>>> print(open('work-v4.cif').read())   # mmCIF, C-alpha atoms
data_my_file
loop_
_atom_site.label_atom_id
_atom_site.label_comp_id
_atom_site.auth_asym_id
_atom_site.auth_seq_id
_atom_site.Cartn_x
_atom_site.Cartn_y
_atom_site.Cartn_z
CA MET F 23 0.77 -7.35 0.67
CA THR F 24 -3.02 -6.88 1.02
CA TRP F 25 -4.54 -3.63 2.25
CA LEU F 26 -8.30 -3.44 2.78
CA TYR F 27 -10.19 -0.15 3.07
CA ALA F 28 -13.07 0.20 5.52
CA PRO F 29 -15.09 3.36 6.29
CA GLY F 30 -14.35 4.82 9.70
CA ASP F 31 -18.00 5.58 10.43
CA ARG F 32 -18.96 1.90 10.04
CA PRO F 33 -17.43 0.08 13.04
CA GLU F 34 -19.20 -3.14 12.08
CA VAL F 35 -17.53 -3.05 8.64
CA VAL F 36 -14.14 -2.33 10.23
CA ALA F 37 -14.65 -5.32 12.56
CA LYS F 38 -15.45 -7.52 9.55
CA ALA F 39 -12.37 -6.22 7.73
CA LEU F 40 -10.21 -7.19 10.71
CA ARG F 41 -11.40 -10.78 10.25
CA SER F 42 -10.82 -10.78 6.47
CA GLY F 43 -7.21 -11.92 6.49
CA ALA F 44 -5.88 -8.66 5.04
CA ASP F 45 -2.40 -7.72 6.16
CA VAL F 46 -3.50 -4.14 6.83
CA VAL F 47 -6.96 -2.68 7.38
CA LEU F 48 -7.11 0.93 6.17
CA VAL F 49 -9.72 2.76 8.21
CA ASP F 50 -10.80 5.67 6.04
CA LEU F 51 -11.73 9.01 7.56
CA GLU F 52 -11.57 10.82 4.21
CA ASP F 53 -13.45 9.95 1.02
CA ALA F 54 -15.58 7.13 2.43
CA VAL F 55 -17.12 9.30 5.17
CA ARG F 56 -19.78 11.99 4.66
CA ALA F 57 -19.09 15.44 6.08
CA ASP F 58 -21.75 15.06 8.77
CA ARG F 59 -20.21 11.75 9.93
CA LYS F 60 -16.59 12.90 10.24
CA ASP F 61 -16.63 13.49 14.00
CA TYR F 62 -18.27 10.13 14.64
CA ALA F 63 -15.82 8.33 12.36
CA ARG F 64 -12.86 9.89 14.17
CA ALA F 65 -14.24 9.04 17.62
CA ALA F 66 -15.11 5.46 16.63
CA THR F 67 -11.65 4.93 15.16
CA ALA F 68 -9.93 6.35 18.22
CA GLU F 69 -11.99 4.03 20.40
CA LEU F 70 -10.97 1.04 18.27
CA LEU F 71 -7.29 1.94 18.50
CA ALA F 72 -7.26 2.76 22.21
CA ASP F 73 -6.06 -0.81 22.80
CA PRO F 74 -3.47 -2.79 20.83
CA VAL F 75 -4.96 -4.62 17.87
CA SER F 76 -4.83 -8.38 18.38
CA GLY F 77 -3.92 -10.79 15.60
CA PRO F 78 -1.72 -10.45 12.52
CA THR F 79 -3.65 -7.59 10.89
CA ALA F 80 -2.33 -4.06 11.39
CA VAL F 81 -4.61 -1.02 11.37
CA HIS F 82 -3.71 2.14 9.49
CA VAL F 83 -5.87 5.23 9.17
CA ARG F 84 -6.29 7.51 6.17
CA VAL F 85 -6.77 10.97 7.64
CA ASN F 86 -8.62 13.87 6.08
CA ALA F 87 -7.15 16.33 3.58
CA LEU F 88 -3.85 17.87 4.62
CA GLU F 89 -5.05 21.34 3.64
CA GLY F 90 -8.48 20.98 5.21
CA PRO F 91 -9.90 21.91 8.63
CA LEU F 92 -10.19 18.34 9.94
CA LEU F 93 -6.56 17.23 9.88
CA ALA F 94 -5.53 18.72 13.22
CA ALA F 95 -8.40 17.01 15.03
CA ASP F 96 -7.60 13.70 13.30
CA LEU F 97 -3.94 13.80 14.32
CA ALA F 98 -4.71 14.91 17.88
CA ALA F 99 -7.19 12.05 18.32
CA LEU F 100 -4.96 9.34 16.82
CA ALA F 101 -1.38 10.18 17.80
CA GLY F 102 0.03 7.79 20.37
CA LEU F 103 -2.84 5.30 20.33
CA PRO F 104 -1.45 1.79 20.94
CA GLY F 105 -3.49 0.19 18.16
CA LEU F 106 -2.38 2.60 15.43
CA GLY F 107 0.00 0.98 12.95
CA GLY F 108 0.37 3.93 10.61
CA LEU F 109 -1.21 6.95 8.97
CA ARG F 110 -2.04 7.20 5.28
CA LEU F 111 -1.70 10.81 4.11
CA PRO F 112 -3.93 11.82 1.18
CA LYS F 113 -2.93 14.07 -1.72
CA VAL F 114 0.67 14.71 -0.69
CA GLY F 115 2.20 17.06 -3.25
CA ALA F 116 5.58 17.98 -1.77
CA PRO F 117 7.96 16.95 1.03
CA GLY F 118 6.84 20.00 3.00
CA ASP F 119 3.41 18.39 3.39
CA VAL F 120 5.04 15.47 5.19
CA GLY F 121 7.13 17.80 7.33
CA ARG F 122 4.06 19.73 8.46
CA VAL F 123 2.26 16.54 9.48
CA VAL F 124 5.34 15.36 11.38
CA ARG F 125 5.51 18.64 13.30
CA MET F 126 1.82 18.40 14.19
CA LEU F 127 2.24 14.82 15.36
CA ARG F 128 5.23 15.69 17.52
CA GLN F 129 3.14 18.34 19.23
CA ALA F 130 0.57 15.61 19.92
CA GLY F 131 3.30 13.39 21.35
CA ASP F 132 4.06 10.66 18.79
CA VAL F 133 4.95 10.15 15.12
CA PRO F 134 3.72 6.78 13.74
CA ALA F 135 4.69 5.28 10.40
CA LEU F 136 3.55 7.50 7.55
CA TYR F 137 2.39 6.46 4.07
CA PRO F 138 1.96 9.42 1.69
CA LEU F 139 -0.43 9.03 -1.23
CA LEU F 140 0.62 10.55 -4.55
CA GLU F 141 -2.62 11.70 -6.17
CA SER F 142 -1.60 14.59 -8.42
CA ALA F 143 0.91 15.42 -11.12
CA LEU F 144 2.87 17.43 -8.55
CA GLY F 145 2.97 14.51 -6.15
CA VAL F 146 4.28 12.19 -8.85
CA GLU F 147 6.93 14.71 -9.90
CA ASN F 148 8.06 14.96 -6.26
CA ALA F 149 7.84 11.23 -5.59
CA PHE F 150 11.42 10.67 -4.41
CA ALA F 151 11.50 13.87 -2.34
CA ILE F 152 8.29 12.80 -0.62
CA ALA F 153 9.51 9.24 -0.10
CA SER F 154 12.69 10.53 1.56
CA ALA F 155 11.13 13.50 3.37
CA ASP F 156 11.34 12.03 6.88
CA PRO F 157 12.41 8.77 8.57
CA ALA F 158 8.78 8.27 9.59
CA VAL F 159 7.85 7.69 5.93
CA ARG F 160 7.70 3.91 5.54
CA GLY F 161 6.04 3.70 2.14
CA ILE F 162 4.39 5.59 -0.69
CA ALA F 163 1.54 4.71 -3.03
CA LEU F 164 -0.49 6.12 -5.88
CA GLY F 165 -4.06 7.27 -5.50
CA GLU F 166 -5.10 6.63 -9.07
CA ALA F 167 -8.68 7.91 -9.05
CA ASP F 168 -7.60 11.43 -8.08
CA LEU F 169 -4.54 11.23 -10.31
CA ARG F 170 -6.71 10.36 -13.33
CA ALA F 171 -8.88 13.39 -12.60
CA ASP F 172 -5.86 15.65 -12.15
CA LEU F 173 -4.30 14.50 -15.42
CA GLY F 174 -7.58 14.35 -17.31
CA VAL F 175 -6.94 10.81 -18.54
CA ALA F 176 -8.96 7.61 -18.63
CA ASP F 177 -6.65 5.26 -20.51
CA GLU F 178 -4.57 2.78 -18.52
CA GLU F 179 -1.50 3.53 -20.63
CA ALA F 180 -1.45 7.10 -19.34
CA LEU F 181 -0.77 5.78 -15.83
CA GLU F 182 2.15 3.58 -16.81
CA TRP F 183 4.79 6.23 -16.21
CA PRO F 184 3.40 7.40 -12.83
CA ARG F 185 3.28 3.78 -11.70
CA VAL F 186 6.89 3.10 -12.66
CA ARG F 187 7.92 6.46 -11.18
CA THR F 188 6.38 5.46 -7.84
CA VAL F 189 8.14 2.09 -7.81
CA VAL F 190 11.51 3.68 -8.65
CA ALA F 191 11.11 6.46 -6.07
CA ALA F 192 10.27 3.98 -3.31
CA ARG F 193 13.29 1.85 -4.16
CA ALA F 194 15.60 4.86 -4.38
CA ALA F 195 14.43 6.00 -0.93
CA GLY F 196 15.05 2.55 0.56
CA LEU F 197 11.35 1.86 1.12
CA ALA F 198 9.39 -1.31 0.51
CA ALA F 199 7.89 -1.78 -2.93
CA PRO F 200 4.58 0.09 -3.11
CA ALA F 201 1.19 -1.58 -3.25
CA GLN F 202 -1.04 -0.97 -6.25
CA SER F 203 -3.96 1.40 -6.06
CA VAL F 204 -7.46 -0.04 -5.69
CA TYR F 205 -9.26 -1.77 -8.55
CA PRO F 206 -12.70 -0.14 -8.50
CA ASP F 207 -14.89 -2.89 -10.01
CA VAL F 208 -15.36 -5.41 -7.19
CA ARG F 209 -17.20 -7.86 -9.49
CA ASP F 210 -14.52 -8.01 -12.18
CA VAL F 211 -12.14 -10.55 -10.65
CA THR F 212 -10.71 -11.44 -14.08
CA GLY F 213 -9.78 -7.83 -14.75
CA LEU F 214 -8.40 -7.50 -11.24
CA ALA F 215 -6.16 -10.54 -11.70
CA ALA F 216 -4.85 -9.24 -15.03
CA SER F 217 -4.22 -5.81 -13.54
CA CYS F 218 -2.35 -7.37 -10.62
CA ARG F 219 -0.16 -9.38 -12.97
CA ARG F 220 0.73 -6.17 -14.80
CA GLY F 221 1.42 -4.41 -11.51
CA ARG F 222 3.70 -7.19 -10.38
CA ALA F 223 5.62 -6.93 -13.66
CA LEU F 224 6.10 -3.21 -13.00
CA GLY F 225 7.54 -3.83 -9.53
CA PHE F 226 4.56 -3.37 -7.22
CA LEU F 227 4.06 -5.72 -4.30
CA GLY F 228 0.45 -6.32 -3.28
CA ARG F 229 -2.56 -4.11 -3.62
CA ALA F 230 -5.17 -2.11 -1.77
CA ALA F 231 -8.71 -3.49 -1.97
CA ILE F 232 -12.18 -2.08 -1.37
CA HIS F 233 -13.94 -5.43 -0.80
CA PRO F 234 -12.85 -8.65 0.92
CA ARG F 235 -13.64 -10.70 -2.18
CA GLN F 236 -10.71 -9.00 -3.92
CA LEU F 237 -8.15 -10.20 -1.36
CA PRO F 238 -7.61 -13.81 -2.55
CA VAL F 239 -7.25 -12.62 -6.15
CA ILE F 240 -4.55 -10.15 -5.12
CA GLU F 241 -2.84 -12.76 -2.96
CA ARG F 242 -2.69 -15.33 -5.76
CA ALA F 243 -1.41 -12.81 -8.28
CA TYR F 244 1.41 -11.51 -6.12
CA LEU F 245 2.68 -14.65 -4.41
CA PRO F 246 5.33 -16.60 -6.33
CA SER F 247 4.25 -19.74 -8.16
CA ALA F 248 5.71 -23.17 -7.50
CA PRO F 249 7.98 -22.96 -10.60
CA GLU F 250 9.22 -19.53 -9.48
CA ILE F 251 10.02 -20.86 -6.02
CA ALA F 252 11.82 -23.88 -7.46
CA ALA F 253 13.88 -21.67 -9.79
CA ALA F 254 14.77 -19.35 -6.92
CA ARG F 255 15.90 -22.24 -4.75
CA GLU F 256 18.05 -23.58 -7.57
CA THR F 257 19.60 -20.15 -8.07
CA VAL F 258 20.42 -19.68 -4.38
CA ALA F 259 21.82 -23.20 -4.08
CA ALA F 260 24.05 -22.68 -7.11
CA ALA F 261 25.30 -19.35 -5.79
CA ASP F 262 26.04 -20.87 -2.37
CA ALA F 263 27.98 -23.71 -3.98
CA SER F 264 29.96 -21.47 -6.34
CA PRO F 265 30.09 -17.78 -5.37
CA GLY F 266 30.39 -15.34 -8.25
CA ALA F 267 28.83 -15.22 -11.71
CA LEU F 268 27.92 -18.56 -13.27
CA ALA F 269 25.55 -20.15 -15.74
CA LEU F 270 23.03 -22.82 -14.74
CA PRO F 271 22.53 -25.94 -16.88
CA ASP F 272 19.35 -24.48 -18.41
CA GLY F 273 21.25 -21.42 -19.62
CA ARG F 274 20.18 -18.95 -16.93
CA PHE F 275 22.98 -16.60 -15.92
CA VAL F 276 23.42 -16.06 -12.19
CA ASP F 277 25.09 -12.99 -10.74
CA PRO F 278 24.60 -11.13 -7.41
CA ALA F 279 21.59 -9.20 -8.70
CA VAL F 280 19.87 -12.40 -9.81
CA VAL F 281 20.64 -14.03 -6.48
CA ALA F 282 19.15 -11.05 -4.63
CA GLY F 283 15.98 -11.44 -6.68
CA ALA F 284 15.85 -15.13 -5.85
CA HIS F 285 16.10 -14.34 -2.15
CA ARG F 286 13.15 -11.95 -2.50
CA VAL F 287 11.10 -14.72 -4.06
CA LEU F 288 12.01 -17.11 -1.26
CA ALA F 289 11.09 -14.50 1.32
CA LEU F 290 7.51 -14.85 0.04
CA ALA F 291 7.68 -18.59 -0.47
CA SER F 292 6.55 -19.64 2.98
CA ARG F 293 3.43 -17.50 2.61
CA ALA F 294 2.77 -18.92 -0.87
CA GLU F 295 3.11 -22.48 0.37
CA ALA F 296 0.81 -21.76 3.31
CA THR F 297 -1.98 -20.77 0.91
CA THR F 298 -1.74 -23.89 -1.25
#
>>> encode(input="work-v4.cif", output="structure tokens")
Amino acid sequence: MTWLYAPGDRPEVVAKALRSGADVVLVDLEDAVRADRKDYARAATAELLADPVSGPTAVHVRVNALEGPLLAADLAALAGLPGLGGLRLPKVGAPGDVGRVVRMLRQAGDVPALYPLLESALGVENAFAIASADPAVRGIALGEADLRADLGVADEEALEWPRVRTVVAARAAGLAAPAQSVYPDVRDVTGLAASCRRGRALGFLGRAAIHPRQLPVIERAYLPSAPEIAAARETVAAADASPGALALPDGRFVDPAVVAGAHRVLALASRAEATT
């Protein structure tokens, strides 16, 4: 649900991120690292992942550009490391990009979970093909900063369709609901909360963050509220007592699709209750 970026050339920041409570720490070898620090970032990340990561937080790594000269070295250094939970692939435009990475990883000995980032118009158009390109793909997500630049847009409304497209493609491919892209203003917690509420309404689940202070805001926005949990429990209980379509006393209609949604809410309920 919460994904926290940390620059790969700052081991002390990565260590702090691992104590932040994020579900996944995203060690970044790409945009957050200067060209003259790339080798150090890769080596420091490989050292971190040489042993299994302890605790509930997984570690994923965003590698360098798929068309650039650094990718092969990134994959060779990271493949097969026991602490690696997954690879985040930047600027994926077509399913062939995923296939090429998979072939390179197999040559290195191991294919971890892959998470392609859709950061261009082409990537969004090919969203389902990318999401279903290989069994190693476990999720997709938008990279909205690059997508804005590619589309030449600044207005939030222009991203509505790409966001929905990503959610639908992930569902169609049998993947987990995608996490929202980062919210760039780390001081604007009110705007972040509102953006998360909108993302949840569109079908996203959780969000990537660039600062630990954003994590509790994301968590609160995406976990079900007490009334939502109560309604879900009532729905499931009614369905268990009387299988098939029925109407509850308050007028809500219950059918298998509604029951499935209630089960999804309850799947998050224990986490919601643990935070209250």
>>> resolve_selection(input="work-v4.cif", expression="the PyMOL selection byres ((chain F and resi 244-255) around 9)", output="ChimeraX atom specification")
/F:23,218-219,221-222,226-229,239-243,256-260,281,283-288,290-291,293-295
>>> atom_distance(input="work-v4.cif", atom1="atom CA of F:Ala192", atom2="atom CA of F:Pro117")
13.9 Å
>>> resolve_selection(input="work-v4.cif", expression="the PyMOL selection byres ((chain F and resi 57-63) around 8)", output="list in words")
Pro29, Gly30, Asp31, Arg32, Leu51, Val55, Arg56, Arg64, Ala65, Ala66 and Thr67 of chain F
>>> atom_distance(input="work-v4.cif", atom1="atom CA of F:Ala198", atom2="atom CA of F:Arg160")
7.4 Å
>>> resolve_selection(input="work-v4.cif", expression="the PyMOL selection byres ((chain F and resi 82-87) around 7)", output="VMD selection string")
chain F and resid 46 to 52 80 to 81 88 to 90 92 to 93 96 106 to 112
>>> closest_residue(input="work-v4.cif", among="F:Arg41, F:Val124, F:Pro33, F:Arg187", to="F:Pro234", atoms="only C-alpha atoms")
F:Arg41
>>> closest_residue(input="work-v4.cif", among="F:Val186, F:Val114, F:Val146, F:Ala98", to="F:Val133", atoms="all atoms listed in the file")
F:Ala98
>>> atom_distance(input="work-v4.cif", atom1="atom CA of F:Leu268", atom2="atom CA of F:Ala289")
22.6 Å
>>> decode(input="work-v4.cif", residues="stretch 128-169 of chain F", atoms="N, CA and C atoms", output="CSV table (one decimal), in the first residue's frame")
chain,number,residue,atom,x,y,z
F,128,ARG,N,17.5,-13.6,-17.1
F,128,ARG,CA,17.7,-15.1,-17.1
F,128,ARG,C,19.2,-15.4,-17.4
F,129,GLN,N,19.8,-14.6,-18.2
F,129,GLN,CA,21.2,-14.8,-18.4
F,129,GLN,C,22.0,-14.6,-17.2
F,130,ALA,N,21.5,-13.7,-16.3
F,130,ALA,CA,22.2,-13.4,-15.0
F,130,ALA,C,21.8,-14.4,-13.9
F,131,GLY,N,20.8,-15.2,-14.2
F,131,GLY,CA,20.5,-16.4,-13.3
F,131,GLY,C,19.1,-16.3,-12.6
F,132,ASP,N,18.4,-15.2,-12.6
F,132,ASP,CA,17.2,-15.1,-11.8
F,132,ASP,C,16.3,-14.0,-12.4
F,133,VAL,N,15.0,-14.2,-12.3
F,133,VAL,CA,14.0,-13.2,-12.7
F,133,VAL,C,13.1,-12.8,-11.5
F,134,PRO,N,13.3,-11.7,-10.9
F,134,PRO,CA,12.5,-11.3,-9.7
F,134,PRO,C,11.2,-10.8,-10.2
F,135,ALA,N,10.3,-10.3,-9.3
F,135,ALA,CA,9.1,-9.7,-9.7
F,135,ALA,C,9.4,-8.3,-10.4
F,136,LEU,N,8.6,-8.1,-11.4
F,136,LEU,CA,8.9,-6.9,-12.2
F,136,LEU,C,7.7,-5.9,-12.1
F,137,TYR,N,8.0,-4.6,-12.1
F,137,TYR,CA,6.9,-3.6,-12.0
F,137,TYR,C,7.2,-2.5,-13.0
F,138,PRO,N,6.7,-2.7,-14.3
F,138,PRO,CA,6.9,-1.7,-15.3
F,138,PRO,C,6.2,-0.3,-14.9
F,139,LEU,N,6.9,0.7,-15.3
F,139,LEU,CA,6.3,2.1,-15.1
F,139,LEU,C,5.9,2.6,-16.5
F,140,LEU,N,4.7,3.1,-16.6
F,140,LEU,CA,4.1,3.6,-17.8
F,140,LEU,C,4.3,5.2,-17.7
F,141,GLU,N,5.3,5.7,-18.5
F,141,GLU,CA,5.6,7.1,-18.4
F,141,GLU,C,5.6,7.9,-19.7
F,142,SER,N,4.9,7.3,-20.7
F,142,SER,CA,4.7,7.9,-22.0
F,142,SER,C,3.4,7.6,-22.6
F,143,ALA,N,3.0,8.3,-23.6
F,143,ALA,CA,1.7,8.0,-24.3
F,143,ALA,C,1.7,6.6,-24.8
F,144,LEU,N,2.9,6.1,-25.4
F,144,LEU,CA,3.0,4.8,-25.9
F,144,LEU,C,2.8,3.7,-24.8
F,145,GLY,N,3.4,4.0,-23.7
F,145,GLY,CA,3.3,3.1,-22.6
F,145,GLY,C,1.8,2.9,-22.1
F,146,VAL,N,1.1,4.1,-22.0
F,146,VAL,CA,-0.3,4.0,-21.6
F,146,VAL,C,-1.1,3.3,-22.7
F,147,GLU,N,-0.9,3.5,-24.0
F,147,GLU,CA,-1.6,2.8,-25.0
F,147,GLU,C,-1.4,1.3,-24.9
F,148,ASN,N,-0.2,0.9,-24.5
F,148,ASN,CA,0.1,-0.5,-24.5
F,148,ASN,C,0.0,-1.1,-23.1
F,149,ALA,N,-0.8,-0.4,-22.2
F,149,ALA,CA,-0.8,-0.8,-20.8
F,149,ALA,C,-1.2,-2.3,-20.6
F,150,PHE,N,-2.2,-2.8,-21.2
F,150,PHE,CA,-2.6,-4.2,-21.0
F,150,PHE,C,-1.5,-5.1,-21.5
F,151,ALA,N,-1.0,-4.8,-22.7
F,151,ALA,CA,0.0,-5.7,-23.3
F,151,ALA,C,1.3,-5.8,-22.4
F,152,ILE,N,1.6,-4.6,-21.8
F,152,ILE,CA,2.8,-4.6,-20.9
F,152,ILE,C,2.4,-5.4,-19.6
F,153,ALA,N,1.2,-5.2,-19.1
F,153,ALA,CA,0.8,-5.8,-17.8
F,153,ALA,C,0.8,-7.3,-18.0
F,154,SER,N,0.5,-7.8,-19.2
F,154,SER,CA,0.4,-9.3,-19.4
F,154,SER,C,1.6,-9.8,-20.2
F,155,ALA,N,2.7,-9.1,-20.3
F,155,ALA,CA,3.8,-9.4,-21.1
F,155,ALA,C,4.6,-10.7,-20.6
F,156,ASP,N,4.6,-10.9,-19.3
F,156,ASP,CA,5.4,-12.0,-18.8
F,156,ASP,C,4.8,-12.3,-17.4
F,157,PRO,N,4.9,-13.6,-17.0
F,157,PRO,CA,4.4,-13.9,-15.6
F,157,PRO,C,5.2,-13.2,-14.5
F,158,ALA,N,6.4,-12.8,-14.8
F,158,ALA,CA,7.2,-12.0,-13.8
F,158,ALA,C,6.6,-10.7,-13.5
F,159,VAL,N,5.8,-10.1,-14.4
F,159,VAL,CA,5.2,-8.8,-14.1
F,159,VAL,C,4.1,-9.0,-13.0
F,160,ARG,N,4.3,-8.3,-11.9
F,160,ARG,CA,3.4,-8.4,-10.7
F,160,ARG,C,2.6,-7.2,-10.5
F,161,GLY,N,2.9,-6.1,-11.3
F,161,GLY,CA,2.2,-4.9,-11.1
F,161,GLY,C,2.7,-3.8,-12.1
F,162,ILE,N,1.8,-2.8,-12.4
F,162,ILE,CA,2.2,-1.7,-13.2
F,162,ILE,C,1.9,-0.4,-12.5
F,163,ALA,N,2.4,0.7,-12.9
F,163,ALA,CA,2.1,2.0,-12.3
F,163,ALA,C,2.4,3.1,-13.3
F,164,LEU,N,1.8,4.2,-13.1
F,164,LEU,CA,2.1,5.4,-13.9
F,164,LEU,C,3.3,6.1,-13.3
F,165,GLY,N,4.1,6.7,-14.2
F,165,GLY,CA,5.1,7.7,-13.8
F,165,GLY,C,4.7,9.0,-14.3
F,166,GLU,N,4.0,9.8,-13.5
F,166,GLU,CA,3.2,10.9,-14.0
F,166,GLU,C,4.1,12.1,-14.3
F,167,ALA,N,5.2,12.3,-13.7
F,167,ALA,CA,6.0,13.5,-14.1
F,167,ALA,C,6.5,13.4,-15.6
F,168,ASP,N,7.0,12.2,-15.9
F,168,ASP,CA,7.4,12.0,-17.3
F,168,ASP,C,6.3,12.0,-18.3
F,169,LEU,N,5.2,11.4,-17.8
F,169,LEU,CA,4.0,11.4,-18.7
F,169,LEU,C,3.5,12.8,-19.0
